[in-house]
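A.B. asks: Following this line is coords-v7.pdb, made up of PDB, C-alpha atoms:
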ATOM      1  CA  MET A 337       0.000   0.000   0.000  1.00  0.00           C
ATOM      2  CA  ASN A 338       1.206   3.492  -0.838  1.00  0.00           C
ATOM      3  CA  VAL A 339       0.495   5.257   2.484  1.00  0.00           C
ATOM      4  CA  LEU A 340      -1.045   8.700   2.002  1.00  0.00           C
ATOM      5  CA  TYR A 341      -1.596   9.545   5.674  1.00  0.00           C
ATOM      6  CA  THR A 342      -1.123   7.982   9.086  1.00  0.00           C
ATOM      7  CA  ALA A 343      -3.348   8.825  12.049  1.00  0.00           C
ATOM      8  CA  GLU A 344      -1.938   8.176  15.487  1.00  0.00           C
ATOM      9  CA  ALA A 345      -3.827   8.073  18.772  1.00  0.00           C
ATOM     10  CA  LEU A 346      -3.040   6.925  22.289  1.00  0.00           C
ATOM     11  CA  SER A 347      -5.408   5.401  24.835  1.00  0.00           C
ATOM     12  CA  THR A 348      -4.521   5.950  28.502  1.00  0.00           C
ATOM     13  CA  GLY A 349      -6.193   5.199  31.803  1.00  0.00           C
ATOM     14  CA  ALA A 350      -8.497   2.210  31.913  1.00  0.00           C
ATOM     15  CA  GLY A 351      -9.386   1.711  28.245  1.00  0.00           C
ATOM     16  CA  ARG A 352     -13.121   2.293  28.018  1.00  0.00           C
ATOM     17  CA  ASP A 353     -12.898   4.392  31.213  1.00  0.00           C
ATOM     18  CA  GLY A 354      -9.849   6.358  30.162  1.00  0.00           C
ATOM     19  CA  ARG A 355      -8.839   8.965  27.661  1.00  0.00           C
ATOM     20  CA  VAL A 356      -7.889   9.030  23.990  1.00  0.00           C
ATOM     21  CA  ALA A 357      -5.865  11.679  22.217  1.00  0.00           C
ATOM     22  CA  THR A 358      -4.209  12.094  18.851  1.00  0.00           C
ATOM     23  CA  SER A 359      -0.478  12.626  18.601  1.00  0.00           C
ATOM     24  CA  ASP A 360      -0.952  16.001  16.892  1.00  0.00           C
ATOM     25  CA  GLY A 361      -3.080  17.329  19.775  1.00  0.00           C
ATOM     26  CA  THR A 362      -6.133  18.156  17.672  1.00  0.00           C
ATOM     27  CA  PHE A 363      -8.370  15.575  19.331  1.00  0.00           C
ATOM     28  CA  ALA A 364      -8.689  14.459  22.967  1.00  0.00           C
ATOM     29  CA  LEU A 365     -11.676  12.866  24.690  1.00  0.00           C
ATOM     30  CA  ASP A 366     -12.570  11.280  27.987  1.00  0.00           C
ATOM     31  CA  LEU A 367     -14.067   7.819  27.592  1.00  0.00           C
ATOM     32  CA  ALA A 368     -16.697   6.063  29.678  1.00  0.00           C
ATOM     33  CA  VAL A 369     -18.500   2.752  29.482  1.00  0.00           C
ATOM     34  CA  PRO A 370     -22.115   3.340  28.294  1.00  0.00           C
ATOM     35  CA  LYS A 371     -24.851   3.061  30.921  1.00  0.00           C
ATOM     36  CA  GLU A 372     -26.351   0.216  28.866  1.00  0.00           C
ATOM     37  CA  MET A 373     -23.164  -1.756  29.515  1.00  0.00           C
ATOM     38  CA  GLY A 374     -23.024  -0.962  33.249  1.00  0.00           C
ATOM     39  CA  GLY A 375     -20.895   2.168  33.124  1.00  0.00           C
ATOM     40  CA  SER A 376     -21.398   5.808  33.992  1.00  0.00           C
ATOM     41  CA  GLY A 377     -22.003   6.975  30.421  1.00  0.00           C
ATOM     42  CA  ALA A 378     -20.147  10.178  31.372  1.00  0.00           C
ATOM     43  CA  GLY A 379     -17.971  10.233  28.257  1.00  0.00           C
ATOM     44  CA  THR A 380     -17.845   9.001  24.715  1.00  0.00           C
ATOM     45  CA  ASN A 381     -17.037   5.391  23.849  1.00  0.00           C
ATOM     46  CA  PRO A 382     -15.254   3.497  21.071  1.00  0.00           C
ATOM     47  CA  GLU A 383     -18.522   2.615  19.328  1.00  0.00           C
ATOM     48  CA  GLN A 384     -19.486   6.290  19.059  1.00  0.00           C
ATOM     49  CA  LEU A 385     -16.064   7.109  17.665  1.00  0.00           C
ATOM     50  CA  PHE A 386     -16.341   4.297  15.124  1.00  0.00           C
ATOM     51  CA  ALA A 387     -19.868   5.424  14.138  1.00  0.00           C
ATOM     52  CA  ALA A 388     -18.672   8.998  13.622  1.00  0.00           C
ATOM     53  CA  GLY A 389     -15.600   7.943  11.667  1.00  0.00           C
ATOM     54  CA  TYR A 390     -17.485   5.527   9.434  1.00  0.00           C
ATOM     55  CA  ALA A 391     -20.299   8.021   8.740  1.00  0.00           C
ATOM     56  CA  ALA A 392     -17.824  10.772   7.807  1.00  0.00           C
ATOM     57  CA  CYS A 393     -15.663   8.479   5.677  1.00  0.00           C
ATOM     58  CA  PHE A 394     -18.671   6.982   3.877  1.00  0.00           C
ATOM     59  CA  HIS A 395     -20.109  10.465   3.269  1.00  0.00           C
ATOM     60  CA  SER A 396     -16.802  11.527   1.719  1.00  0.00           C
ATOM     61  CA  ALA A 397     -16.787   8.431  -0.514  1.00  0.00           C
ATOM     62  CA  LEU A 398     -20.385   9.163  -1.512  1.00  0.00           C
ATOM     63  CA  GLN A 399     -19.480  12.741  -2.455  1.00  0.00           C
ATOM     64  CA  ALA A 400     -16.508  11.522  -4.504  1.00  0.00           C
ATOM     65  CA  VAL A 401     -18.605   8.935  -6.347  1.00  0.00           C
ATOM     66  CA  ALA A 402     -21.293  11.529  -7.089  1.00  0.00           C
ATOM     67  CA  ARG A 403     -18.699  14.002  -8.434  1.00  0.00           C
ATOM     68  CA  GLY A 404     -17.289  11.270 -10.665  1.00  0.00           C
ATOM     69  CA  LYS A 405     -20.766  10.623 -12.059  1.00  0.00           C
ATOM     70  CA  LYS A 406     -21.433  14.370 -12.369  1.00  0.00           C
ATOM     71  CA  VAL A 407     -24.308  14.200  -9.864  1.00  0.00           C
ATOM     72  CA  LYS A 408     -24.705  17.221  -7.618  1.00  0.00           C
ATOM     73  CA  LEU A 409     -25.575  16.322  -4.030  1.00  0.00           C
ATOM     74  CA  GLU A 410     -27.170  18.993  -1.858  1.00  0.00           C
ATOM     75  CA  ASP A 411     -27.899  18.621   1.844  1.00  0.00           C
ATOM     76  CA  SER A 412     -26.809  14.981   1.811  1.00  0.00           C
ATOM     77  CA  SER A 413     -26.034  13.211   5.068  1.00  0.00           C
ATOM     78  CA  VAL A 414     -24.889   9.856   6.358  1.00  0.00           C
ATOM     79  CA  GLY A 415     -25.876   8.684   9.814  1.00  0.00           C
ATOM     80  CA  GLY A 416     -23.900   5.911  11.463  1.00  0.00           C
ATOM     81  CA  ARG A 417     -24.960   3.479  14.177  1.00  0.00           C
ATOM     82  CA  VAL A 418     -22.553   0.973  15.644  1.00  0.00           C
ATOM     83  CA  GLN A 419     -23.996  -1.807  17.771  1.00  0.00           C
ATOM     84  CA  ILE A 420     -22.059  -4.073  20.122  1.00  0.00           C
ATOM     85  CA  GLY A 421     -23.156  -7.382  21.569  1.00  0.00           C
ATOM     86  CA  PRO A 422     -21.877 -10.778  22.636  1.00  0.00           C
ATOM     87  CA  ASN A 423     -20.595 -13.037  19.859  1.00  0.00           C
ATOM     88  CA  GLY A 424     -21.544 -16.296  21.572  1.00  0.00           C
ATOM     89  CA  ASP A 425     -17.905 -17.318  22.082  1.00  0.00           C
ATOM     90  CA  GLY A 426     -17.154 -15.201  25.150  1.00  0.00           C
ATOM     91  CA  GLY A 427     -16.232 -12.090  23.188  1.00  0.00           C
ATOM     92  CA  TYR A 428     -18.065  -9.269  21.498  1.00  0.00           C
ATOM     93  CA  GLN A 429     -18.981  -8.324  17.953  1.00  0.00           C
ATOM     94  CA  LEU A 430     -20.030  -5.173  16.146  1.00  0.00           C
ATOM     95  CA  SER A 431     -22.582  -4.375  13.490  1.00  0.00           C
ATOM     96  CA  VAL A 432     -23.007  -1.144  11.556  1.00  0.00           C
ATOM     97  CA  LEU A 433     -26.090   0.588  10.226  1.00  0.00           C
ATOM     98  CA  LEU A 434     -25.578   3.503   7.826  1.00  0.00           C
ATOM     99  CA  GLU A 435     -28.436   5.733   6.727  1.00  0.00           C
ATOM    100  CA  VAL A 436     -27.765   7.695   3.551  1.00  0.00           C
ATOM    101  CA  VAL A 437     -30.043  10.675   2.898  1.00  0.00           C
ATOM    102  CA  LEU A 438     -29.924  12.192  -0.589  1.00  0.00           C
ATOM    103  CA  PRO A 439     -32.664  14.811  -0.981  1.00  0.00           C
ATOM    104  CA  GLY A 440     -33.765  15.359  -4.567  1.00  0.00           C
ATOM    105  CA  ILE A 441     -32.059  12.233  -5.916  1.00  0.00           C
ATOM    106  CA  GLU A 442     -34.283   9.555  -7.443  1.00  0.00           C
ATOM    107  CA  ALA A 443     -34.319   6.331  -5.379  1.00  0.00           C
ATOM    108  CA  ALA A 444     -32.599   4.070  -7.928  1.00  0.00           C
ATOM    109  CA  GLN A 445     -29.808   6.577  -8.540  1.00  0.00           C
ATOM    110  CA  ALA A 446     -29.387   7.169  -4.796  1.00  0.00           C
ATOM    111  CA  GLN A 447     -29.023   3.428  -4.250  1.00  0.00           C
ATOM    112  CA  GLU A 448     -26.505   3.209  -7.099  1.00  0.00           C
ATOM    113  CA  LEU A 449     -24.423   5.999  -5.528  1.00  0.00           C
ATOM    114  CA  ALA A 450     -24.548   4.371  -2.080  1.00  0.00           C
ATOM    115  CA  ASP A 451     -23.557   0.983  -3.524  1.00  0.00           C
ATOM    116  CA  ALA A 452     -20.611   2.567  -5.353  1.00  0.00           C
ATOM    117  CA  ALA A 453     -19.541   4.459  -2.209  1.00  0.00           C
ATOM    118  CA  HIS A 454     -19.602   1.174  -0.286  1.00  0.00           C
ATOM    119  CA  GLN A 455     -17.011  -0.183  -2.736  1.00  0.00           C
ATOM    120  CA  VAL A 456     -14.782   2.907  -2.397  1.00  0.00           C
ATOM    121  CA  CYS A 457     -15.002   3.745   1.322  1.00  0.00           C
ATOM    122  CA  PRO A 458     -11.941   2.552   3.309  1.00  0.00           C
ATOM    123  CA  TYR A 459     -14.128   1.717   6.331  1.00  0.00           C
ATOM    124  CA  SER A 460     -16.375  -0.423   4.117  1.00  0.00           C
ATOM    125  CA  ASN A 461     -13.352  -2.160   2.658  1.00  0.00           C
ATOM    126  CA  ALA A 462     -11.934  -2.793   6.151  1.00  0.00           C
ATOM    127  CA  THR A 463     -15.177  -4.210   7.535  1.00  0.00           C
ATOM    128  CA  ARG A 464     -16.321  -6.201   4.483  1.00  0.00           C
ATOM    129  CA  GLY A 465     -16.608  -9.870   5.431  1.00  0.00           C
ATOM    130  CA  ASN A 466     -15.863  -9.108   9.086  1.00  0.00           C
ATOM    131  CA  ILE A 467     -19.002  -7.461  10.455  1.00  0.00           C
ATOM    132  CA  ASP A 468     -22.537  -6.902   9.259  1.00  0.00           C
ATOM    133  CA  VAL A 469     -22.967  -3.515   7.544  1.00  0.00           C
ATOM    134  CA  THR A 470     -26.473  -2.469   6.528  1.00  0.00           C
ATOM    135  CA  ILE A 471     -26.963   0.593   4.330  1.00  0.00           C
ATOM    136  CA  THR A 472     -30.358   2.202   3.870  1.00  0.00           C
ATOM    137  CA  VAL A 473     -31.000   5.017   1.416  1.00  0.00           C
ATOM    138  CA  SER A 474     -33.736   7.635   1.563  1.00  0.00           C
ATOM    139  CA  GLU A 475     -34.548  10.941  -0.123  1.00  0.00           C
ATOM    140  CA  ASP A 476     -35.087  12.737   3.190  1.00  0.00           C
TER     141      ASP A 476
END
Before anything else, please render the file you have as structure tokens.
C.D. replies:
Amino acid sequence: MNVLYTAEALSTGAGRDGRVATSDGTFALDLAVPKEMGGSGAGTNPEQLFAAGYAACFHSALQAVARGKKVKLEDSSVGGRVQIGPNGDGGYQLSVLLEVVLPGIEAAQAQELADAAHQVCPYSNATRGNIDVTITVSED
């Protein structure tokens, strides 16, 4: 792989009840276990970070695909949900739900753009075959 960029972050403290920060100092957050998992919920968590990263990355891929097809997207959005649960073998697994909203784009074309973005997006390529990713498309 020809590396274009490297992101670096450090987790300190107690993992899910600790802190994360990037090496360049532009990002630092306190972490907390969600209330649903028995924690305080007084901070963000890895699943929220993954949901935000995937949504932003997928949205960027969607914009790039649309530009390549000369389709103008206005007020588009991508919502990300990351779910965590037991995998049945003593560990945990994730699943992802992405909601693509493309106002003013006909349903078939919107689906075509989302499908193409799913092939381009680095998060989609990293998760493909590893976790369930469901993508829904709507006009609004």
A.B. asks: Within 9 Å of Asp411 of chain A, counting all atoms listed in the file, which residues show up once you throw out same-chain ones fewer than 6 positions away? Write them as a list in words, please.
C.D. replies: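 Contacts, with the query itself left out: Val437, Leu438 and Pro439 of chain A.
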A.B. asks: Grab the residues selected above and save them as a tab-separated table (two decimals), keeping the file's coordinate frame with C-alpha atoms.
C.D. replies:
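Output file out_13.tsv is given in full below:
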chain	number	residue	atom	x	y	z
A	437	VAL	CA	-30.04	10.68	2.90
A	438	LEU	CA	-29.92	12.19	-0.59
A	439	PRO	CA	-32.66	14.81	-0.98
A.B. asks: Going by the chain IDs and residue numbers used in this file, which residues fall under the PyMOL selection byres ((chain A and resi 457) around 9)? Write them as JSON, numbers by chain.
C.D. replies: {"A": [390, 393, 394, 395, 396, 397, 398, 452, 453, 454, 455, 456, 458, 459, 460, 461, 462]}
A.B. asks: List every protein, DNA or RNA residue that has at least one atom no more than 12 Å from (-28.6, 4.1, 2.4) in the file's coordinates, counting all atoms listed in the file, and write the result as a PyMOL selection string.
C.D. replies: chain A and resi 391+394-395+398+412-416+432-439+443-454+469-476
A.B. asks: What do you get, as a list of chain:residue names, if you spell out every residue that the PyMOL selection byres ((chain A and resi 431) around 10) selects here?
C.D. replies: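 For this structure, the PyMOL selection byres ((chain A and resi 431) around 10) captures A:Glu383, A:Arg417, A:Val418, A:Gln419, A:Ile420, A:Gly421, A:Gln429, A:Leu430, A:Val432, A:Leu433, A:Thr463, A:Asn466, A:Ile467, A:Asp468, A:Val469, A:Thr470.
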A.B. asks: In Å, with one decimal, what is the gap from atom CA of Ala357 of chain A to atom CA of Leu385 of chain A?
C.D. replies: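 Atom-to-atom, atom CA of Ala357 of chain A to atom CA of Leu385 of chain A, that is 12.1 Å.
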A.B. asks: Using all atoms of segment 446-451 of chain A listed in the file and a margin of 6 Å per side, can you give the axis-aligned box centre and edge lengths in Å to one decimal, as AutoDock Vina command-line options?
C.D. replies:
--center_x -26.5 --center_y 4.1 --center_z -4.6 --size_x 17.8 --size_y 18.2 --size_z 17.0
